[in-house]
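Enquirer: Let me begin by handing over the structure; questions about it come next.
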Amino acid sequence: MRLSRGGYLIREGFRSITTHSFMSFASVTIIMACLIIMGSVSLLSVNIDALIKDLENQNEIVAFVDDSISDEDEARALESAVAAVENVSSVEFVTRDEAMDNFMSNYDDELMEGIDETVFRHRFIIHLTDIALMAQTKANLEAVTGIAKVKAHIEYANTFVTIRNIVSIVSLVLIVMLVFVSVFIMSNTIKLATFGRREEIAIMKMVGANNGFIRLPFVVEGLVLGMLGGGLAFVAEWGIYELLTGKLMGTLTGSFITVVPFSSVALTVLAFYMGTGILVGVFGGVNAIRNYLKV
Amino acid sequence: MVRMTDVTKVYESSGTVALDGVDLSINEGEFVFLVGPSGSGKTTIMKLITGEIHASSGSITVNDFDMMRIKRRKLPKMRRTLGVIFQDYRLIENMSVYDNVAFAMRVVGASGKEISRRVPYVLELVGLEGREKRLPGELSGGEQQRVAIARALVNSPRMIVADEPTGNLDPVRSLELMLLFEKINEMGTTILVVTHEKELVNAFSKRVITIDGGHVISDGMDGYYSYEIE
C-alpha cells in the first residue's frame, strides 16, 4: 500500500468520526459507561481486599520466650531464629517490663499493686505473610528452641480467610459477568453504528475496493473512539473515586477503615481502560463490517 | 468480453429459477440493451457479470475472468475492469462530487497527481464541470446519475454495466443520458444497459437482447424492443 493511500485511509477514518458524529458520540458514551461500571466494581473489590488484608495484619501471633531465659539480651537473640521461620513477615521483641506496662495500662493500678514484672515473660509480636498458614506457622514457631508457647487466634484467621475467599470469588464472578455484558453492549453499539454504512461499503466493493482498503478506516475509527472512550472513562473514574472516597473518609474519621489511593492503581486502571477501549473499538468495528464485506 | 454458456441460476432460499440455460456474448466495443419485463432475469444477469452472485451451472467469462472459478480475493481486480451504474445512483452521500469520483481511483491505488488530472477531465466529459464541491443531495437526479457515470468511467474500464440507469429520470434526462452512453461507447468502451424502457431502446439503433422467464427470447441488431411488457 502506498504511503499516500495509507494517509488517505487514515484521514478517512478521522473524517468518518465527524461525519457520523452522533454514532461516534453514542459509541464513546457506551464504551465509557461500560468501562466505568466495570472499573468501579473492580476498584470496590480492590478496596475490600485491601481492607481484609489490613484486618488480617492486625491479627498478630505472640510467641513467649521460655521462663528459663530471663536475661533480656539472651531473649532478644532469639529474634533471628523467629524471623527465619517461614511465613513470618515481621517480628517485634517486647521485654517483660514493656509487657507489664502494656498490661497494666488496661487495668486499675490498685488491682495490679504488688505484681512483679517477672510474672511476665519476654515475648515476640509476630505478623504473618499469609494468615491462611497460621496453624502451620504456629507449630514451626513452637519448635524454635527458647520459645515456650505461641498464642495465635487460628479461628479468627480462618474466618478472615473464608471472608477473603468469598469476596474474591464474588468479585471475580461479578467482574467477568460485567466484562461479558459490557463487551456485548459495546460491540452491539458499534454494530449499530456501522449498520447505516453498509450501503457505503457495498459501493466501495462495487468499484473494486479490496477488504483491507475498506477495513482500515474502520480500524482507525475504532482505535480513536476506543482510546477516547477509555481516556474519558479514566478521567471520570478518577473524579468519581476521589469524590466518593473523600466523602467516605470524611464520615469515617477515626475508624480503622482506609481506602486505596487512586494514584496507586491509576496506571493499571488507565492501561485496562485504554486496552479494553481499543480492543472493543477496533475488533468491534472490524467484526461489525465483516458481513457487509461478503459481497 | 462477456461470454455466458448454458447459464442457470437457481436462488436456493426460494427455489426460484431466475435463469435457465442462457447463452449470450457481448464483444469488445459493442453497445447492448438487455431488456425484458420485471422478474425476467435481467438483474440476475447483471449480478452474475459483476460477481455479486454465482451461477448454479454453466460457464461465464467476464473480461477474461472465469466467474465460475474466481476466488473472492480476486473479485476486486475483476470489478476494476467494469464500471457499474445503478438506478439509485449509489453515491456516498457525505462525499463531494469530486470525492465520489476520486474515490474510485483511490481504490485502485492511483496517485494524487493522476487523480487531480483525471477527475476534472471525466467530470467535464459528463457535463458536471463547476459542480465538483457539491454534495450528491444538492444535485438533480440526472446530475447524480452523471456523477455515477463519471465514477464508472474514471478508471477507464473495458465495459460499463448500467442497471436501469434511467429508472429515476424524466424522458428528456433519460435521452440525454443515453446520448452520453453513446458518446462513451464511441470512445471505445463497451456498454451494457439493462432497462425495460421500450421507447428509449427504440430511439437508438443498437443491439437488443430480450430476456423473459430466464430465457433469451431474442437477440437482434435491428435496435427494436418488440417485446410487450404488459
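Just remember, in the C-alpha cells the first chain shown is A, the second B, etc., residues are 1-based per chain, and ligands are 1-based in the order shown.
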Return as a PyMOL selection string the residues belonging to chain B that are within 6 Å of chain A, counting only C-alpha atoms.
Expert: chain B and resi 52+76+79-80+104+107
Enquirer: Can you tell me which residues surround Leu82 of chain B at a distance of at most 6 Å, considering only C-alpha atoms, apart from same-chain residues fewer than 6 positions away, and format the answer as a CSV table (one decimal) with N, CA and C atoms, in the first residue's frame?
Expert:
```csv
chain,number,residue,atom,x,y,z
B,157,PRO,N,-12.7,1.8,-17.6
B,157,PRO,CA,-13.0,0.3,-17.6
B,157,PRO,C,-13.2,-0.2,-19.0
B,159,MET,N,-15.6,-2.1,-19.8
B,159,MET,CA,-17.0,-2.2,-20.0
B,159,MET,C,-17.8,-1.5,-19.0
B,160,ILE,N,-18.9,-0.9,-19.4
B,160,ILE,CA,-19.8,-0.2,-18.4
B,160,ILE,C,-21.1,-1.0,-18.4
```
Enquirer: Closest to Leu55 of chain A among A:Phe160, A:Tyr273, A:Phe93, A:Phe14, using only C-alpha atoms?
Expert: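 Of A:Phe160, A:Tyr273, A:Phe93, A:Phe14, the one nearest Leu55 of chain A is A:Phe160, counting only C-alpha atoms.
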Enquirer: Grab the atom CA of Ser70 of chain A to atom CA of Thr118 of chain A distance for me, in Å with one decimal place.
Expert: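 Pair atom CA of Ser70 of chain A / atom CA of Thr118 of chain A returns 8.4 Å.
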Enquirer: Neighbouring residues of segment 190-194 of chain A were defined as those with any atom within 9 Å, considering only C-alpha atoms; residues of the same chain fewer than 6 positions away were excluded. Please report them as a PyMOL selection string.
Expert: chain A and resi 20+22-24+26-27+218+222+280-281+284-285+287-289
Enquirer: Take the residues from that selection and put them in a file with C-alpha atoms, as a PDB file, in the first residue's frame.
Expert:
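The resulting file, selection.pdb, is reproduced below:
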```pdb
ATOM      1  CA  HIS A  20     -21.101  10.134  11.688  1.00  0.00           C
ATOM      2  CA  PHE A  22     -23.958  11.039  16.543  1.00  0.00           C
ATOM      3  CA  MET A  23     -22.990   7.365  16.264  1.00  0.00           C
ATOM      4  CA  SER A  24     -19.419   8.249  17.263  1.00  0.00           C
ATOM      5  CA  ALA A  26     -23.013   7.026  21.149  1.00  0.00           C
ATOM      6  CA  SER A  27     -20.084   4.586  20.800  1.00  0.00           C
ATOM      7  CA  PHE A 218     -12.891   1.403  10.394  1.00  0.00           C
ATOM      8  CA  GLY A 222     -12.423   2.149  16.235  1.00  0.00           C
ATOM      9  CA  VAL A 280     -13.536  -3.282  21.653  1.00  0.00           C
ATOM     10  CA  GLY A 281     -13.341  -0.317  19.256  1.00  0.00           C
ATOM     11  CA  GLY A 284     -15.965  -4.406  17.303  1.00  0.00           C
ATOM     12  CA  GLY A 285     -15.706  -2.244  14.185  1.00  0.00           C
ATOM     13  CA  ASN A 287     -16.266  -7.586  13.220  1.00  0.00           C
ATOM     14  CA  ALA A 288     -19.335  -5.446  12.574  1.00  0.00           C
ATOM     15  CA  ILE A 289     -18.479  -4.854   8.914  1.00  0.00           C
TER      16      ILE A 289
END
```
Enquirer: Just the residues within 8 Å of Gly21 of chain B, please, counting only C-alpha atoms, with nothing from its chain fewer than 5 positions along; format it as a PyMOL selection string.
Expert: chain B and resi 5-8+58+214-215
Enquirer: List every residue of segment 23-134 of chain B that DSSP, applied to the backbone, labels as strand (DSSP E or B), and write the result as a list in words.
Expert: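 Selecting the strand (DSSP E or B) positions of segment 23-134 of chain B gives Asp23, Leu24, Ser25, Ile26, Phe31, Val32, Phe33, Leu34, Val35, Ser57, Gly58, Ser59, Ile60, Thr61, Val62, Phe65, Asp66, Leu82, Gly83, Val84 and Ile85 of chain B.
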Enquirer: Let me see the file: selected residues, C-alpha atoms, as a PDB file, in the first residue's frame.
Expert:
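The resulting file, part02.pdb, is reproduced below:
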```
ATOM      1  CA  ASP B  23     -26.311 -18.277 -23.825  1.00  0.00           C
ATOM      2  CA  LEU B  24     -25.116 -14.807 -24.722  1.00  0.00           C
ATOM      3  CA  SER B  25     -21.993 -12.990 -25.652  1.00  0.00           C
ATOM      4  CA  ILE B  26     -21.047  -9.333 -25.776  1.00  0.00           C
ATOM      5  CA  PHE B  31     -23.467  -1.150 -27.215  1.00  0.00           C
ATOM      6  CA  VAL B  32     -26.083  -3.600 -25.992  1.00  0.00           C
ATOM      7  CA  PHE B  33     -29.506  -3.157 -24.439  1.00  0.00           C
ATOM      8  CA  LEU B  34     -30.641  -6.030 -22.225  1.00  0.00           C
ATOM      9  CA  VAL B  35     -34.406  -5.745 -22.000  1.00  0.00           C
ATOM     10  CA  SER B  57     -24.290 -24.090 -13.541  1.00  0.00           C
ATOM     11  CA  GLY B  58     -22.829 -23.180 -16.905  1.00  0.00           C
ATOM     12  CA  SER B  59     -19.836 -21.010 -17.665  1.00  0.00           C
ATOM     13  CA  ILE B  60     -19.297 -17.258 -17.535  1.00  0.00           C
ATOM     14  CA  THR B  61     -16.267 -15.253 -18.607  1.00  0.00           C
ATOM     15  CA  VAL B  62     -16.097 -11.506 -17.952  1.00  0.00           C
ATOM     16  CA  PHE B  65     -12.004 -13.683 -15.645  1.00  0.00           C
ATOM     17  CA  ASP B  66     -13.621 -17.100 -15.227  1.00  0.00           C
ATOM     18  CA  LEU B  82     -16.022  -2.785 -15.062  1.00  0.00           C
ATOM     19  CA  GLY B  83     -17.856   0.440 -14.426  1.00  0.00           C
ATOM     20  CA  VAL B  84     -21.164  -0.236 -12.700  1.00  0.00           C
ATOM     21  CA  ILE B  85     -24.109   2.182 -12.693  1.00  0.00           C
TER      22      ILE B  85
END
```
Enquirer: Tell me, as an NGL selection string, which residues lie within 10 Å of Tyr241 of chain A, counting only C-alpha atoms; anything in the same chain fewer than 5 positions away does not count.
Expert: :A and (40 or 43-44 or 235-236 or 246-247 or 261-262)
Enquirer: Find the distance between atom CA of Arg198 of chain A and atom CA of Arg215 of chain A and write it in Å to one decimal.
Expert: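 Taking atom CA of Arg198 of chain A as the start and atom CA of Arg215 of chain A as the end point, the length is 12.3 Å.
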Enquirer: I want to know what sits within 9 Å of Ala99 of chain A, based on only C-alpha atoms, with residues of the same chain fewer than 2 positions away left out; could you give that as an MDAnalysis selection string?
Expert: chainID A and resid 94:97 101:104 117 120:123
Enquirer: Restricting it to C-alpha atoms, dump the selection as a CSV table (one decimal), in the first residue's frame.
Expert:
```csv
chain,number,residue,atom,x,y,z
A,94,VAL,CA,8.8,-7.0,73.7
A,95,THR,CA,10.6,-7.1,77.1
A,96,ARG,CA,8.8,-8.4,80.2
A,97,ASP,CA,8.8,-4.7,81.5
A,101,ASP,CA,3.3,-1.7,81.3
A,102,ASN,CA,1.0,-2.6,78.4
A,103,PHE,CA,-1.0,-4.9,80.6
A,104,MET,CA,-1.3,-2.5,83.5
A,117,GLU,CA,7.4,-7.9,86.2
A,120,PHE,CA,5.5,-11.6,82.6
A,121,ARG,CA,7.7,-13.2,80.0
A,122,HIS,CA,9.8,-11.7,77.3
A,123,ARG,CA,7.9,-12.1,74.0
```
Enquirer: With distances taken over only C-alpha atoms, which of B:Ile211, B:Met105, B:Met178, B:Leu169 is nearest to Ser140 of chain B?
Expert: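 Closest residue, counting only C-alpha atoms: B:Leu169.
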Enquirer: To one decimal place in Å, what is the distance between atom CA of Ile147 of chain A and atom CA of Leu128 of chain A?
Expert: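 Separation between atom CA of Ile147 of chain A and atom CA of Leu128 of chain A: 17.1 Å.
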Enquirer: If you count only C-alpha atoms, which residues fall within 10 Å of Ile184 of chain B, apart from same-chain ones fewer than 2 positions away, as a PyMOL selection string?
Expert: chain B and resi 31+125-126+149+153+160+178-182+186-191
